[in-house]
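Asks: Below is a structure I'd like to ask you about.
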Amino acid sequence: MTIVATLKSDITPDGADYETVRRVIEMITDDYRDQPSLDDIAARLKQAPSQLQKTFTRWAGLSPKAFLQAVTLDHAKRLLRQESMPLLETSIEVGLSGPSRLHDLFVTHEAMSPGEWKARGEGLTIRWGFHGSPFGRALVMVTERGLAGLAFSDEADGRACFEDMACRWPNAEYVEDREATAAYAARIFDPSRWNAEEPLRIVLIGSDFQVRVWEALLRIPMGKAVTYSDIAGQLGQPKASRAVGAAVGRNPLSFVVPCHRALGKGGALTGYHWGLTRKRAMLGWEAGRA
DNA sequence: GGGCCGCGCACAC
DNA sequence: GTGTGCGCGGCCC
């Protein structure tokens with residue numbers, strides 16, 4: 001089986017920008033001690049500063065400087081403060097069990113039964129493919145019941161990314177099928193195609209606890225954030241924040257189930273399965289669109 | 001059942 | 001700021 005699919009064209013015009021953006025975010029956050037200027041960064045990327053600025057702004061909807069402000073601690077604290085708890089609580093009535101869930105990308109979800117979860121994917125056919133996305137190469141996995149997996153990889157490391165996902169449901173049958181996954185990818189990453197009439201169908205495959213945590217994440221609106229302990233409290237297990245963190249980290253639908261909107265209590269980003277740089281990228285990208 | 005790990009947190013110094 | 005211990009669910013014996 002060949003894992004690495006070559007990309008003829010990015011499905012979003014933003015796709016090609018991510019590599020540039022990723023390196024900018026990395027430089028600014030890794031080398032925060034000597035706060036590199038746009039000119040410094042452009043020089044290191046061998047680009048004209050004005051062009052870099054343009055690329056970045058096209059991708060983020062925000063200038064590099066504004067983007068940076070959007071992912072600082074101060075800003076994160078503000079995201080948390082404004083009505084983060086009410087967000088989680090009111091939405092319980094809106095209907096965990098009901099079919100329509102919102103993200104700004106509207107989603108209907110179903111969870112696998114405990115039996116199906118234990119079978120570790122037995123009897124499931126999973127079609128998969130890599131596609132360009134605003135956050136690097138995206139691995140999309142679908143079943144006939146809807147989207148089951150979404151993951152990201154930098155550059156050529158698609159194999160590790162695929163393994164990371166496939167080992168979660170080791171008994172499933174995997175079929176490379178970019179035609180089947182392309183439509184999902186195109187929709188997920190294009191906000192203009194998000195609408196309530198045709199929600200995206202997703203299927204959550206996980207333990208009972210994990211599914212409850214992921215459902216809580218689905219209730220956080222775009223441009224908002226909650227803490228791990230908020231979620232623990234909402235599940236009625238206020239001391240389980242660390243268990244929540246572990247479950248968030250196992251979220252199989254990165255971005256669609258917005259685990260990047262879960263932050264530490266102090267506003268620190270604390271962690272991300274697909275890399276903190278990507279978490280910053282998602283939060284900043286959303287800040288430019290919220 | 002036992003033991004370890006993880007996208008946490010609070011408290012200490 | 002760094003260290004440390006508590007706490008939890010998941011997972012592998």
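Starting from 1 in every chain, residues are counted up; chains themselves are A, B, ... following the order of the structure tokens, and ligands are numbered from 1 as listed.
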Determine, counting only C-alpha atoms (C1' of nucleotides), which protein, DNA and RNA residues have an atom within 12 Å of an atom of DG3 (chain B); residues of the same chain fewer than 5 positions away are not included. Present the result as a list in words.
Replies: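 With the cut-off at 12 Å, the set is DC11, DC12 and DC13 of chain C.
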Asks: Near chain C, which residues of chain A fall within 7 Å when you count only C-alpha atoms (C1' of nucleotides), and what do they look like as a ChimeraX atom specification?
Replies: /A:239-240,242-243
Asks: What does the file look like for those residues with all heavy atoms, as a tab-separated table (two decimals), in the first residue's frame?
Replies:
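Below is the file that was written, out-v2.tsv:
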```
chain	number	residue	atom	x	y	z
A	239	LYS	N	-12.50	17.00	38.98
A	239	LYS	CA	-11.08	16.73	39.21
A	239	LYS	C	-10.43	15.98	38.06
A	239	LYS	O	-9.27	15.60	38.13
A	239	LYS	CB	-10.92	15.93	40.51
A	239	LYS	CG	-11.18	16.80	41.74
A	239	LYS	CD	-10.74	16.11	43.01
A	239	LYS	CE	-11.94	15.80	43.88
A	239	LYS	NZ	-11.58	15.09	45.12
A	240	ALA	N	-11.18	15.76	37.01
A	240	ALA	CA	-10.68	14.91	35.92
A	240	ALA	C	-10.03	15.73	34.80
A	240	ALA	O	-9.97	15.28	33.66
A	240	ALA	CB	-11.80	14.05	35.37
A	242	ARG	N	-7.11	16.34	33.98
A	242	ARG	CA	-6.00	15.68	33.30
A	242	ARG	C	-6.49	14.56	32.39
A	242	ARG	O	-5.96	14.36	31.29
A	242	ARG	CB	-5.02	15.13	34.32
A	242	ARG	CG	-3.70	14.83	33.70
A	242	ARG	CD	-2.62	14.71	34.73
A	242	ARG	NE	-1.38	14.35	34.06
A	242	ARG	CZ	-0.23	14.18	34.67
A	242	ARG	NH1	-0.16	14.32	35.98
A	242	ARG	NH2	0.83	13.87	34.00
A	243	ALA	N	-7.50	13.87	32.85
A	243	ALA	CA	-8.10	12.84	31.99
A	243	ALA	C	-8.74	13.50	30.77
A	243	ALA	O	-8.68	12.96	29.66
A	243	ALA	CB	-9.14	12.05	32.78
```
Asks: With the cut-off set at 7 Å and counting only C-alpha atoms (C1' of nucleotides), tabulate each residue of chain A with an atom at most that distance from an atom of chain B, showing the nearest atom pair and its distance in Å to one decimal, ordered by chain and increasing number, as a Markdown table.
Replies:
```
| residue | atom | partner | partner_atom | distance |
| --- | --- | --- | --- | --- |
| A:Ser241 | CA | B:DG8 | C1' | 5.5 |
| A:Arg242 | CA | B:DG8 | C1' | 4.5 |
| A:Gly245 | CA | B:DC7 | C1' | 5.2 |
| A:Ala246 | CA | B:DG6 | C1' | 5.2 |
| A:Val248 | CA | B:DC7 | C1' | 6.7 |
| A:Gly249 | CA | B:DC7 | C1' | 5.3 |
| A:Thr270 | CA | B:DC7 | C1' | 5.8 |
| A:Gly271 | CA | B:DC7 | C1' | 3.8 |
| A:Tyr272 | CA | B:DC7 | C1' | 5.1 |
| A:His273 | CA | B:DC7 | C1' | 6.9 |
```
Asks: Go ahead and save the residues from that selection, with N, CA, C and O atoms, as a short mmCIF file (atom, residue, chain, number, x, y, z; two decimals), in the first residue's frame.
Replies:
```
data_model
loop_
_atom_site.label_atom_id
_atom_site.label_comp_id
_atom_site.auth_asym_id
_atom_site.auth_seq_id
_atom_site.Cartn_x
_atom_site.Cartn_y
_atom_site.Cartn_z
N SER A 241 -9.54 16.91 35.12
CA SER A 241 -9.03 17.76 34.03
C SER A 241 -7.89 17.10 33.27
O SER A 241 -7.77 17.25 32.06
N ARG A 242 -7.11 16.34 33.98
CA ARG A 242 -6.00 15.68 33.30
C ARG A 242 -6.49 14.56 32.39
O ARG A 242 -5.96 14.36 31.29
N GLY A 245 -7.65 16.19 29.36
CA GLY A 245 -6.53 16.50 28.49
C GLY A 245 -6.11 15.30 27.66
O GLY A 245 -5.88 15.41 26.45
N ALA A 246 -6.05 14.16 28.30
CA ALA A 246 -5.66 12.94 27.58
C ALA A 246 -6.68 12.61 26.49
O ALA A 246 -6.31 12.24 25.37
N VAL A 248 -8.78 14.76 25.02
CA VAL A 248 -8.69 15.78 23.98
C VAL A 248 -7.55 15.42 23.03
O VAL A 248 -7.66 15.54 21.82
N GLY A 249 -6.46 14.96 23.62
CA GLY A 249 -5.29 14.60 22.82
C GLY A 249 -5.54 13.43 21.88
O GLY A 249 -4.80 13.24 20.92
N THR A 270 -0.54 24.76 26.25
CA THR A 270 -0.22 23.49 26.91
C THR A 270 0.11 22.30 26.00
O THR A 270 1.04 21.59 26.30
N GLY A 271 -0.57 22.07 24.94
CA GLY A 271 -0.16 20.93 24.12
C GLY A 271 -1.04 20.75 22.91
O GLY A 271 -2.16 21.26 22.86
N TYR A 272 -0.53 20.02 21.93
CA TYR A 272 -1.33 19.69 20.76
C TYR A 272 -0.70 18.48 20.06
O TYR A 272 0.50 18.47 19.82
N HIS A 273 -1.53 17.51 19.81
CA HIS A 273 -1.03 16.26 19.23
C HIS A 273 -0.27 16.51 17.93
O HIS A 273 0.72 15.85 17.65
#
```
Asks: Write down as an NGL selection string the residues belonging to region 93-271 of chain A that are assigned strand (DSSP E) by DSSP computed on the backbone.
Replies: :A and (107-111 or 125-131 or 137-143 or 146-153 or 173-176 or 200-204 or 226-227 or 262-263)
Asks: Can you tell me how far CA of Phe56 (chain A) sits from CA of Ala290 (chain A), in Å to one decimal?
Replies: 17.1 Å
Asks: From region 92-270 of chain A, collect each residue whose DSSP state is helix (DSSP H, G or I) and return the set as number ranges by chain.
Replies: A: 92-95, 114-118, 158-166, 178-188, 191-193, 208-218, 228-234, 241-249, 259-261
Asks: Find the distance between CA of Pro114 (chain A) and CA of Trp169 (chain A) and write it in Å to one decimal.
Replies: 13.6 Å
Asks: Set the distance at 10 Å and use only C-alpha atoms (C1' of nucleotides): which residues neighbour Lys77 (chain A) once local chain neighbours fewer than 5 positions away are removed? I'd like the list as a list of chain:residue names.
Replies: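 The residues satisfying every condition are A:Thr72, A:Gln82, A:Ala225, A:Val226, A:Leu263, A:Gly264, A:Lys265, A:Gly266, A:Gly267, A:Ala268.
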Asks: With only C-alpha atoms (C1' of nucleotides) as the counted atoms, please give the residues lying no more than 12 Å from Ser50 (chain A), apart from itself and same-chain residues fewer than 4 positions off, as a list in words.
Replies: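 Using only C-alpha atoms (C1' of nucleotides), the neighbours found are Leu38, Asp39, Ile41, Ala42, Ala43, Lys46, Lys54, Thr55, Phe56, Thr57, Ser63 and Pro64 of chain A.
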Asks: Produce a table with one row for each residue of region 123-181 of chain A that has an atom at most 12 Å from any atom of region 206-223 of chain A, each row naming the nearest atom pair and its distance in Å at one decimal; use only C-alpha atoms; arrange rows by chain and rising residue number; format as JSON lines.
Replies:
```
{"residue": "A:Ala148", "atom": "CA", "partner": "A:Gly206", "partner_atom": "CA", "distance": 10.6}
{"residue": "A:Gly149", "atom": "CA", "partner": "A:Gly206", "partner_atom": "CA", "distance": 11.6}
{"residue": "A:Arg168", "atom": "CA", "partner": "A:Gly206", "partner_atom": "CA", "distance": 9.1}
{"residue": "A:Trp169", "atom": "CA", "partner": "A:Gly206", "partner_atom": "CA", "distance": 9.7}
```
Asks: Can those selected residues be exported to a file as a PDB file, in the first residue's frame so that it contains all heavy atoms?
Replies:
```
ATOM      1  N   ALA A 148     -14.603  10.195   9.727  1.00  0.00           N
ATOM      2  CA  ALA A 148     -14.175   9.492  10.931  1.00  0.00           C
ATOM      3  C   ALA A 148     -12.801   9.952  11.417  1.00  0.00           C
ATOM      4  O   ALA A 148     -12.489   9.818  12.590  1.00  0.00           O
ATOM      5  CB  ALA A 148     -14.145   7.983  10.698  1.00  0.00           C
ATOM      6  N   GLY A 149     -11.991  10.482  10.514  1.00  0.00           N
ATOM      7  CA  GLY A 149     -10.653  10.884  10.916  1.00  0.00           C
ATOM      8  C   GLY A 149     -10.154  12.081  10.131  1.00  0.00           C
ATOM      9  O   GLY A 149     -10.423  12.209   8.935  1.00  0.00           O
ATOM     10  N   ARG A 168      -5.420   3.389  15.544  1.00  0.00           N
ATOM     11  CA  ARG A 168      -6.553   3.584  16.463  1.00  0.00           C
ATOM     12  C   ARG A 168      -7.671   2.591  16.169  1.00  0.00           C
ATOM     13  O   ARG A 168      -8.435   2.217  17.045  1.00  0.00           O
ATOM     14  CB  ARG A 168      -7.115   4.998  16.321  1.00  0.00           C
ATOM     15  CG  ARG A 168      -6.094   6.059  16.685  1.00  0.00           C
ATOM     16  CD  ARG A 168      -6.569   7.433  16.222  1.00  0.00           C
ATOM     17  NE  ARG A 168      -5.478   8.385  16.333  1.00  0.00           N
ATOM     18  CZ  ARG A 168      -5.564   9.557  16.958  1.00  0.00           C
ATOM     19  NH1 ARG A 168      -6.691   9.926  17.500  1.00  0.00           N
ATOM     20  NH2 ARG A 168      -4.532  10.352  17.011  1.00  0.00           N
ATOM     21  N   TRP A 169      -7.775   2.188  14.912  1.00  0.00           N
ATOM     22  CA  TRP A 169      -8.800   1.207  14.518  1.00  0.00           C
ATOM     23  C   TRP A 169      -8.099   0.120  13.715  1.00  0.00           C
ATOM     24  O   TRP A 169      -8.275   0.006  12.480  1.00  0.00           O
ATOM     25  CB  TRP A 169      -9.884   1.889  13.674  1.00  0.00           C
ATOM     26  CG  TRP A 169     -10.324   3.202  14.290  1.00  0.00           C
ATOM     27  CD1 TRP A 169     -10.925   3.358  15.500  1.00  0.00           C
ATOM     28  CD2 TRP A 169     -10.183   4.518  13.744  1.00  0.00           C
ATOM     29  NE1 TRP A 169     -11.170   4.693  15.742  1.00  0.00           N
ATOM     30  CE2 TRP A 169     -10.728   5.427  14.683  1.00  0.00           C
ATOM     31  CE3 TRP A 169      -9.662   5.034  12.555  1.00  0.00           C
ATOM     32  CZ2 TRP A 169     -10.748   6.807  14.472  1.00  0.00           C
ATOM     33  CZ3 TRP A 169      -9.704   6.397  12.348  1.00  0.00           C
ATOM     34  CH2 TRP A 169     -10.237   7.268  13.302  1.00  0.00           C
TER      35      TRP A 169
END
```
